[in-house]
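Asker: What follows is a single structure, and I will ask about it in a moment.
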Amino acid sequence: MNHRNRTFFYALLFLALGAHFLHTGAGPAAWAVLVAQFLVYPQIAYWRARRSPQQAKAEMHNIVVDNLFGGLWAGLLGMPVWITFTLFIGNCINVVAFHGYPGLLRLMAAMGCGLLAGLAVYGGRPLHPDIDTATSLLCILALTLFLTMFAHTSYRRAMEQQKSNARLREQFEEIRLLQDQLREQAVRDPLTGLHNRRHLDATLAERMAHCGAQDLPLSLLMIDIDHFKRINDTHGHAAGDAVLQALALLLQRHVRVQDLACRHGGEEFVLLLPDTPLAVARERAETLRRAFEALRVRHGPGSLSATLSCGVAAFPEHAGQPFALLACADEALYDAKVRGRNRVAVHGTAGGRQSTA
């Protein structure tokens, strides 16, 4: 970036100092030095920085040389006000733009050294702060164009930065949404849309602790589709998937906001009922059993029907720990299956209530 700034600014300085040389009648040697300094040197500085393995550091050295030459020219010409001012302001803006205010110390040191060296060569002759009108106008023009170009460059960079920040914000929002989706997918069963066993394991202890602290009951239903393997073997796995999805939809229609329906694995489902006494949980289990028994699942040209068995356990009556509560509900489910399926069994009771259908 600084190559463009230096080349443009030095070309403007070449015009201003060229006007001064014409006014003072400088010889060929002075013109050769002017061309070398303001037309050739910017390309050498650019070439040197591009070849360096540390380009930013090399460019900082180039800027120090710019300042040194700026002071040297001001001293050699007897410190003409407009030329000195233009050299100083141009270099000052360049340093601050690329290196901040700490770089001003190097600027003043380098320019001061160059100025002293130029004055030493200039000798004891009187200084010439005044210059001709054409040179003054060209110095004003050089500063105006340089500052305008710098302002335009800064504006363009600011707009690019703003667009870049907007893109970054959009990308960050997309990443956040993707992360939310991934987190949700990690705790959801892809077939039924219900929460999976991982989410149940992470949530059950928290729900039990909350109910325990509030002295509230909590019930857990372990649900299993009866003869599910027979459905898969007879009608195919697509039919089995349809039955699983139908039960999941039924559970979603029967849950409250505080309840949690999960697919525990295979054809097993768990329904977690906070703030629900055991008797109420059994009634809800019976309602689900009857509703599922009456359900007709569309598959192909016809429909399927199935029944479910359910085991019910409660906290704190049957267990005080999450895995123990799941084990109690699983034992009750096993009892319901042993007793003929299509029924609800409560942990620790003599048996479940048989379907009347």
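By order of appearance in the structure tokens: chains A, B, ..., then residues from 1 within every chain, and ligands from 1 in the order shown.
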Where does region 301-322 of chain A meet region 187-205 of chain A within 10 Å, residue by residue, with the nearest atom pair and distance in Å to one decimal for each, counting only C-alpha atoms, listed by chain and rising number, as JSON lines?

Answerer:
{"residue": "A:Gly320", "atom": "CA", "partner": "A:Ala205", "partner_atom": "CA", "distance": 9.6}
{"residue": "A:Gln321", "atom": "CA", "partner": "A:Ala205", "partner_atom": "CA", "distance": 7.3}
{"residue": "A:Pro322", "atom": "CA", "partner": "A:Ala205", "partner_atom": "CA", "distance": 5.6}

Asker: Just list as JSON, numbers by chain whatever in region 35-253 of chain A DSSP marks as alpha helix (DSSP H).

Answerer: {"A": [35, 41, 42, 43, 44, 45, 46, 47, 48, 49, 50, 51, 55, 56, 57, 58, 59, 60, 61, 62, 63, 64, 65, 66, 67, 68, 69, 70, 71, 72, 73, 74, 75, 76, 81, 82, 83, 84, 85, 86, 87, 88, 89, 90, 91, 92, 93, 94, 95, 96, 97, 98, 99, 103, 104, 105, 106, 107, 108, 109, 110, 111, 112, 113, 114, 115, 116, 117, 118, 119, 120, 121, 122, 133, 134, 135, 136, 137, 138, 139, 140, 141, 142, 143, 144, 145, 146, 147, 148, 149, 150, 151, 152, 153, 154, 155, 156, 157, 158, 159, 160, 161, 162, 163, 164, 165, 166, 167, 168, 169, 170, 171, 172, 173, 174, 175, 176, 177, 178, 179, 180, 181, 182, 183, 184, 185, 186, 197, 198, 199, 200, 201, 202, 203, 204, 205, 206, 207, 208, 209, 210, 211, 212, 213, 228, 229, 230, 231, 232, 233, 234, 235, 237, 238, 239, 240, 241, 242, 243, 244, 245, 246, 247, 248, 249, 250, 251, 252, 253]}

Asker: Can you pull out the residues contacting Leu15 (chain A)? Cut-off 10 Å, using only C-alpha atoms, and skip same-chain residues under 4 positions away; I want them as a VMD selection string.

Answerer: chain A and resid 10 to 11 19 to 21 34 38 135 138 to 139 142

Asker: Measuring atom to atom with only C-alpha atoms, identify which of A:Arg6, A:Lys229, A:His318, A:His23 is nearest to Val65 (chain A).

Answerer: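 Answer, going by the shortest atom-to-atom distance: A:Arg6.
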
Asker: Please list as a list of chain:residue names every residue within 8 Å of Ser219 (chain A), counting only C-alpha atoms and excluding residues in the same chain fewer than 4 positions away.

Answerer: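 Residues near the query, excluding close chain neighbours: A:Leu272, A:Leu273, A:Pro274, A:Asp275, A:Thr276, A:Pro277, A:Leu278, A:Ala281, A:Val312, A:Ala313, A:Ala314, A:Phe315.
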
Asker: Give me the residues near Ala109 (chain A) as a VMD selection string, where near means some atom within 10 Å (using only C-alpha atoms) and where sequence neighbours in that chain fewer than 4 positions away do not count.

Answerer: chain A and resid 64 67 to 68 71 104 to 105 113 to 115

Asker: Near region 267-271 of chain A, counting only C-alpha atoms, which residues have an atom at most 6 Å away, once you skip same-chain residues fewer than 6 positions from it, shown as a PDB file with all heavy atoms, in the first residue's frame?

Answerer:
ATOM      1  N   LEU A 220     -41.959 -41.794  36.111  1.00  0.00           N
ATOM      2  CA  LEU A 220     -41.271 -42.158  34.877  1.00  0.00           C
ATOM      3  C   LEU A 220     -41.983 -43.342  34.249  1.00  0.00           C
ATOM      4  O   LEU A 220     -42.238 -44.349  34.923  1.00  0.00           O
ATOM      5  CB  LEU A 220     -39.810 -42.478  35.160  1.00  0.00           C
ATOM      6  CG  LEU A 220     -38.900 -42.699  33.952  1.00  0.00           C
ATOM      7  CD1 LEU A 220     -37.509 -42.141  34.235  1.00  0.00           C
ATOM      8  CD2 LEU A 220     -38.790 -44.184  33.597  1.00  0.00           C
ATOM      9  N   LEU A 221     -42.295 -43.228  32.965  1.00  0.00           N
ATOM     10  CA  LEU A 221     -42.950 -44.295  32.216  1.00  0.00           C
ATOM     11  C   LEU A 221     -41.962 -44.901  31.234  1.00  0.00           C
ATOM     12  O   LEU A 221     -41.358 -44.183  30.430  1.00  0.00           O
ATOM     13  CB  LEU A 221     -44.156 -43.764  31.436  1.00  0.00           C
ATOM     14  CG  LEU A 221     -45.493 -43.589  32.150  1.00  0.00           C
ATOM     15  CD1 LEU A 221     -45.361 -42.690  33.372  1.00  0.00           C
ATOM     16  CD2 LEU A 221     -46.547 -43.050  31.188  1.00  0.00           C
ATOM     17  N   MET A 222     -41.786 -46.205  31.303  1.00  0.00           N
ATOM     18  CA  MET A 222     -40.977 -46.934  30.325  1.00  0.00           C
ATOM     19  C   MET A 222     -41.947 -47.666  29.408  1.00  0.00           C
ATOM     20  O   MET A 222     -42.722 -48.517  29.859  1.00  0.00           O
ATOM     21  CB  MET A 222     -40.038 -47.916  31.018  1.00  0.00           C
ATOM     22  CG  MET A 222     -39.127 -48.670  30.074  1.00  0.00           C
ATOM     23  SD  MET A 222     -37.711 -47.694  29.504  1.00  0.00           S
ATOM     24  CE  MET A 222     -36.691 -47.731  30.992  1.00  0.00           C
ATOM     25  N   ILE A 223     -41.913 -47.329  28.110  1.00  0.00           N
ATOM     26  CA  ILE A 223     -42.906 -47.815  27.153  1.00  0.00           C
ATOM     27  C   ILE A 223     -42.224 -48.665  26.091  1.00  0.00           C
ATOM     28  O   ILE A 223     -41.149 -48.319  25.598  1.00  0.00           O
ATOM     29  CB  ILE A 223     -43.634 -46.625  26.492  1.00  0.00           C
ATOM     30  CG1 ILE A 223     -44.296 -45.749  27.560  1.00  0.00           C
ATOM     31  CG2 ILE A 223     -44.642 -47.091  25.455  1.00  0.00           C
ATOM     32  CD1 ILE A 223     -44.755 -44.403  27.043  1.00  0.00           C
ATOM     33  N   ASP A 224     -42.865 -49.771  25.724  1.00  0.00           N
ATOM     34  CA  ASP A 224     -42.308 -50.667  24.713  1.00  0.00           C
ATOM     35  C   ASP A 224     -43.437 -51.133  23.804  1.00  0.00           C
ATOM     36  O   ASP A 224     -44.521 -51.502  24.271  1.00  0.00           O
ATOM     37  CB  ASP A 224     -41.626 -51.867  25.372  1.00  0.00           C
ATOM     38  CG  ASP A 224     -40.909 -52.741  24.363  1.00  0.00           C
ATOM     39  OD1 ASP A 224     -39.739 -52.472  24.096  1.00  0.00           O
ATOM     40  OD2 ASP A 224     -41.549 -53.685  23.844  1.00  0.00           O
ATOM     41  N   ILE A 225     -43.189 -51.116  22.476  1.00  0.00           N
ATOM     42  CA  ILE A 225     -44.188 -51.592  21.514  1.00  0.00           C
ATOM     43  C   ILE A 225     -44.191 -53.113  21.508  1.00  0.00           C
ATOM     44  O   ILE A 225     -43.137 -53.747  21.337  1.00  0.00           O
ATOM     45  CB  ILE A 225     -43.886 -51.039  20.111  1.00  0.00           C
ATOM     46  CG1 ILE A 225     -43.912 -49.504  20.121  1.00  0.00           C
ATOM     47  CG2 ILE A 225     -44.889 -51.580  19.088  1.00  0.00           C
ATOM     48  CD1 ILE A 225     -43.498 -48.876  18.814  1.00  0.00           C
ATOM     49  N   LEU A 260     -41.048 -34.702  29.473  1.00  0.00           N
ATOM     50  CA  LEU A 260     -39.966 -35.014  28.542  1.00  0.00           C
ATOM     51  C   LEU A 260     -40.213 -36.383  27.942  1.00  0.00           C
ATOM     52  O   LEU A 260     -40.276 -37.385  28.661  1.00  0.00           O
ATOM     53  CB  LEU A 260     -38.613 -34.995  29.254  1.00  0.00           C
ATOM     54  CG  LEU A 260     -37.389 -35.352  28.390  1.00  0.00           C
ATOM     55  CD1 LEU A 260     -37.174 -34.296  27.311  1.00  0.00           C
ATOM     56  CD2 LEU A 260     -36.142 -35.483  29.251  1.00  0.00           C
ATOM     57  N   ALA A 261     -40.378 -36.427  26.619  1.00  0.00           N
ATOM     58  CA  ALA A 261     -40.562 -37.685  25.894  1.00  0.00           C
ATOM     59  C   ALA A 261     -39.272 -38.020  25.167  1.00  0.00           C
ATOM     60  O   ALA A 261     -38.718 -37.190  24.446  1.00  0.00           O
ATOM     61  CB  ALA A 261     -41.716 -37.566  24.911  1.00  0.00           C
TER      62      ALA A 261
END

Asker: I'd like the contact shell of Gly300 (chain A) - 12 Å cut-off, only C-alpha atoms, skipping same-chain residues fewer than 4 positions apart - returned as a PyMOL selection string.

Answerer: chain A and resi 235-236+238-239+242+304
